[in-house]
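**Student:** What follows is a single structure, and I will ask about it in a moment.
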Amino acid sequence: MSLRDVVRRAAGTLIHRGWNAIRAAGTVSPANPAGYRFRRLGEGVCIAFPVGAIFGEAWIEIGAHTLVGERVSISAGMGPGVDLGPEAIVRIGGSCSIGRGSHIVGHQSIEIGDHVFTGPYVYITDQNHVYDDPETPIGRQWPRNTPVSIGAGSWLGTGAIILPGTRIGRQCVVAGGAVVRGAFPDHSVIAGVPARVVREYTPGGGWRPPRLRETLRLPGSIPGPETLEGAQER
């Protein structure tokens, strides 16, 4: 091994050790001063470094043992220094994992249940711009807020977008890239743009397309391929 290779390896080792030390020092947890600004950080919470844009910490709660990945932005309100009232705006449950590069943007109410996992670059917001006045620039029209809730045990795939007013039930799967708005029951698989339920779980029936159950209920309906397949399985 040449002297140049030895120097390069030594320099690389020092750089990686230094970076790991910086990451450890920059991590936000209940034990360091940055964690004190939050309304509540449960035991074992870790917000990885580099940290994304985080403000309105006094209205953000994160439950115990939740891991927030690198460059995740979490905000409450339009900007720092605004009094948002006595209640929390963004509530993330315990034992969650929020994928790197995700954004959680709360203005009224975003509630994420326990054991929710997300892939990277997921976007969740309870606010949307309006376009009521066709003459005023959309960015200058006052936005509307509608609460968002994501049920415990759910999984949100990479790049999913959760729009204002969305209510996702427990133990749901949101496909990567889905654009989700509306109410979805427990044990749903949600996919598409706009998103819809593509599978539901029923006791005794397992995971099936929702159209199967609906078609079988309708007397005189023409059975589709899923209905025929389901009937044959029975």
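Each chain of the structure tokens is named A, B, ... in the order shown, its residues numbered from 1; ligands are numbered from 1 in display order.
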As number ranges by chain, which residues of range 39-171 of chain A does DSSP assign to helix (DSSP H, G or I)?

**Tutor:** A: 57-59, 138-140

**Student:** Could you find all residues in range 5-218 of chain A that DSSP calls strand (DSSP E or B) from the backbone, and write them as number ranges by chain?

**Tutor:** A: 28, 40-41, 46-47, 54-55, 60-62, 67-68, 73-76, 90-92, 97-98, 103-106, 110-112, 117-118, 123-125, 127-128, 144-145, 148-150, 155-156, 161-162, 167-168, 173-174, 179-180, 183-184, 188-191, 196-202, 206-208

**Student:** Set the distance at 10 Å and use only C-alpha atoms: which residues neighbour Thr158 in chain A once local chain neighbours fewer than 4 positions away are removed? I'd like the list as a list in words.

**Tutor:**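 The filter keeps Gly99, Arg100, Ser102, Thr118, Gly119, Pro120, Tyr121, Val122, Tyr123, Val174, Ala175, Gly176, Gly177 and Ala178 of chain A.
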
**Student:** Next, write the just-selected residues to a file, as an mmCIF file, in the first residue's frame, keeping all heavy atoms as the atom set.

**Tutor:**
```
data_model
loop_
_atom_site.group_PDB
_atom_site.id
_atom_site.type_symbol
_atom_site.label_atom_id
_atom_site.label_comp_id
_atom_site.auth_asym_id
_atom_site.auth_seq_id
_atom_site.Cartn_x
_atom_site.Cartn_y
_atom_site.Cartn_z
ATOM 1 N N GLY A 99 -39.798 8.731 8.105
ATOM 2 C CA GLY A 99 -38.713 8.582 7.153
ATOM 3 C C GLY A 99 -38.021 9.891 6.808
ATOM 4 O O GLY A 99 -38.629 10.968 6.853
ATOM 5 N N ARG A 100 -36.772 9.799 6.424
ATOM 6 C CA ARG A 100 -35.947 10.981 6.140
ATOM 7 C C ARG A 100 -36.578 11.845 5.050
ATOM 8 O O ARG A 100 -37.201 11.349 4.117
ATOM 9 C CB ARG A 100 -34.538 10.561 5.719
ATOM 10 C CG ARG A 100 -34.467 9.865 4.374
ATOM 11 C CD ARG A 100 -33.037 9.431 4.060
ATOM 12 N NE ARG A 100 -32.966 8.795 2.758
ATOM 13 C CZ ARG A 100 -33.262 7.532 2.518
ATOM 14 N NH1 ARG A 100 -33.658 6.751 3.525
ATOM 15 N NH2 ARG A 100 -33.182 7.023 1.299
ATOM 16 N N SER A 102 -39.091 13.752 5.179
ATOM 17 C CA SER A 102 -40.539 13.940 5.229
ATOM 18 C C SER A 102 -40.879 15.328 5.784
ATOM 19 O O SER A 102 -40.044 15.982 6.420
ATOM 20 C CB SER A 102 -41.192 12.856 6.089
ATOM 21 O OG SER A 102 -41.045 11.585 5.481
ATOM 22 N N THR A 118 -43.390 5.568 8.303
ATOM 23 C CA THR A 118 -43.463 6.162 6.973
ATOM 24 C C THR A 118 -42.159 5.904 6.224
ATOM 25 O O THR A 118 -41.084 5.789 6.840
ATOM 26 C CB THR A 118 -43.697 7.688 7.008
ATOM 27 O OG1 THR A 118 -42.445 8.378 7.146
ATOM 28 C CG2 THR A 118 -44.639 8.094 8.130
ATOM 29 N N GLY A 119 -42.257 5.835 4.914
ATOM 30 C CA GLY A 119 -41.074 5.855 4.083
ATOM 31 C C GLY A 119 -40.525 7.268 4.002
ATOM 32 O O GLY A 119 -41.058 8.195 4.613
ATOM 33 N N PRO A 120 -39.470 7.466 3.220
ATOM 34 C CA PRO A 120 -38.918 8.818 3.079
ATOM 35 C C PRO A 120 -39.805 9.717 2.235
ATOM 36 O O PRO A 120 -40.620 9.248 1.435
ATOM 37 C CB PRO A 120 -37.564 8.583 2.399
ATOM 38 C CG PRO A 120 -37.687 7.259 1.733
ATOM 39 C CD PRO A 120 -38.642 6.454 2.540
ATOM 40 N N TYR A 121 -39.650 11.012 2.446
ATOM 41 C CA TYR A 121 -40.250 12.055 1.617
ATOM 42 C C TYR A 121 -41.776 12.011 1.595
ATOM 43 O O TYR A 121 -42.418 12.284 0.573
ATOM 44 C CB TYR A 121 -39.680 12.003 0.189
ATOM 45 C CG TYR A 121 -38.181 11.998 0.186
ATOM 46 C CD1 TYR A 121 -37.469 10.863 -0.197
ATOM 47 C CD2 TYR A 121 -37.462 13.104 0.623
ATOM 48 C CE1 TYR A 121 -36.082 10.836 -0.161
ATOM 49 C CE2 TYR A 121 -36.072 13.092 0.661
ATOM 50 C CZ TYR A 121 -35.396 11.960 0.268
ATOM 51 O OH TYR A 121 -34.019 11.942 0.319
ATOM 52 N N VAL A 122 -42.368 11.672 2.725
ATOM 53 C CA VAL A 122 -43.822 11.734 2.878
ATOM 54 C C VAL A 122 -44.200 13.164 3.276
ATOM 55 O O VAL A 122 -43.484 13.826 4.031
ATOM 56 C CB VAL A 122 -44.287 10.719 3.940
ATOM 57 C CG1 VAL A 122 -45.739 10.948 4.342
ATOM 58 C CG2 VAL A 122 -44.090 9.303 3.424
ATOM 59 N N TYR A 123 -45.335 13.646 2.759
ATOM 60 C CA TYR A 123 -45.788 15.006 3.050
ATOM 61 C C TYR A 123 -47.170 14.935 3.677
ATOM 62 O O TYR A 123 -48.099 14.337 3.101
ATOM 63 C CB TYR A 123 -45.841 15.825 1.760
ATOM 64 C CG TYR A 123 -46.184 17.283 1.967
ATOM 65 C CD1 TYR A 123 -45.215 18.196 2.355
ATOM 66 C CD2 TYR A 123 -47.482 17.746 1.766
ATOM 67 C CE1 TYR A 123 -45.522 19.535 2.542
ATOM 68 C CE2 TYR A 123 -47.798 19.078 1.950
ATOM 69 C CZ TYR A 123 -46.819 19.972 2.338
ATOM 70 O OH TYR A 123 -47.132 21.292 2.530
ATOM 71 N N VAL A 174 -50.720 2.868 2.972
ATOM 72 C CA VAL A 174 -50.824 3.876 1.919
ATOM 73 C C VAL A 174 -49.681 3.636 0.947
ATOM 74 O O VAL A 174 -48.504 3.663 1.334
ATOM 75 C CB VAL A 174 -50.756 5.300 2.498
ATOM 76 C CG1 VAL A 174 -50.797 6.325 1.375
ATOM 77 C CG2 VAL A 174 -51.905 5.535 3.475
ATOM 78 N N ALA A 175 -50.016 3.392 -0.303
ATOM 79 C CA ALA A 175 -48.997 3.077 -1.305
ATOM 80 C C ALA A 175 -48.097 4.273 -1.573
ATOM 81 O O ALA A 175 -48.503 5.428 -1.422
ATOM 82 C CB ALA A 175 -49.666 2.624 -2.604
ATOM 83 N N GLY A 176 -46.873 3.989 -1.979
ATOM 84 C CA GLY A 176 -45.943 5.045 -2.336
ATOM 85 C C GLY A 176 -46.501 5.915 -3.444
ATOM 86 O O GLY A 176 -47.080 5.417 -4.414
ATOM 87 N N GLY A 177 -46.342 7.229 -3.306
ATOM 88 C CA GLY A 177 -46.790 8.165 -4.326
ATOM 89 C C GLY A 177 -48.276 8.465 -4.318
ATOM 90 O O GLY A 177 -48.739 9.256 -5.144
ATOM 91 N N ALA A 178 -49.041 7.870 -3.420
ATOM 92 C CA ALA A 178 -50.487 8.121 -3.375
ATOM 93 C C ALA A 178 -50.765 9.552 -2.923
ATOM 94 O O ALA A 178 -50.042 10.113 -2.096
ATOM 95 C CB ALA A 178 -51.176 7.135 -2.435
#
```

**Student:** May I ask for the distance between CA of Gly94 in chain A and CA of Trp207 in chain A, given in Å to one decimal place?

**Tutor:** 27.2 Å

**Student:** Need to verify the contact set: Ala58 in chain A, 9 Å, only C-alpha atoms, exclusion of same-chain residues closer than 5 positions in sequence. Can you return it as a ChimeraX atom specification?

**Tutor:** /A:37-40,76,88

**Student:** I want to know what sits within 7 Å of Arg167 in chain A, based on only C-alpha atoms, with residues of the same chain fewer than 3 positions away left out; could you give that as a PyMOL selection string?

**Tutor:** chain A and resi 148-150+182-184

**Student:** Quick one: everything within 12 Å of Gly35 in chain A, counting only C-alpha atoms, minus sequence neighbours fewer than 2 positions away in the same chain. Send it as a PyMOL selection string.

**Tutor:** chain A and resi 26-33+37-47+54-55+57-58+60-62

**Student:** Give me the residues near Gln108 in chain A as a list in words, where near means some atom within 8 Å (using only C-alpha atoms) and where sequence neighbours in that chain fewer than 4 positions away do not count.

**Tutor:**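 Neighbouring residues, sequence-local ones excluded: Gly77, Ile89, Asp126, Gln127, Asn145, Thr146 and Pro147 of chain A.
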
**Student:** Write out the residues from the selection above, keeping C-alpha atoms, as a compact mmCIF listing (two decimals), in the first residue's frame.

**Tutor:**
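Output saved as part_20.txt:
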```txt
# COMPACT_ATOMS: atom_id res chain seq x y z
CA GLY A 77 -48.19 27.44 12.57
CA ILE A 89 -51.16 21.22 16.92
CA ASP A 126 -53.76 20.10 7.31
CA GLN A 127 -53.72 23.33 5.26
CA ASN A 145 -57.33 24.25 7.56
CA THR A 146 -58.94 20.85 8.08
CA PRO A 147 -57.70 18.36 10.71
```
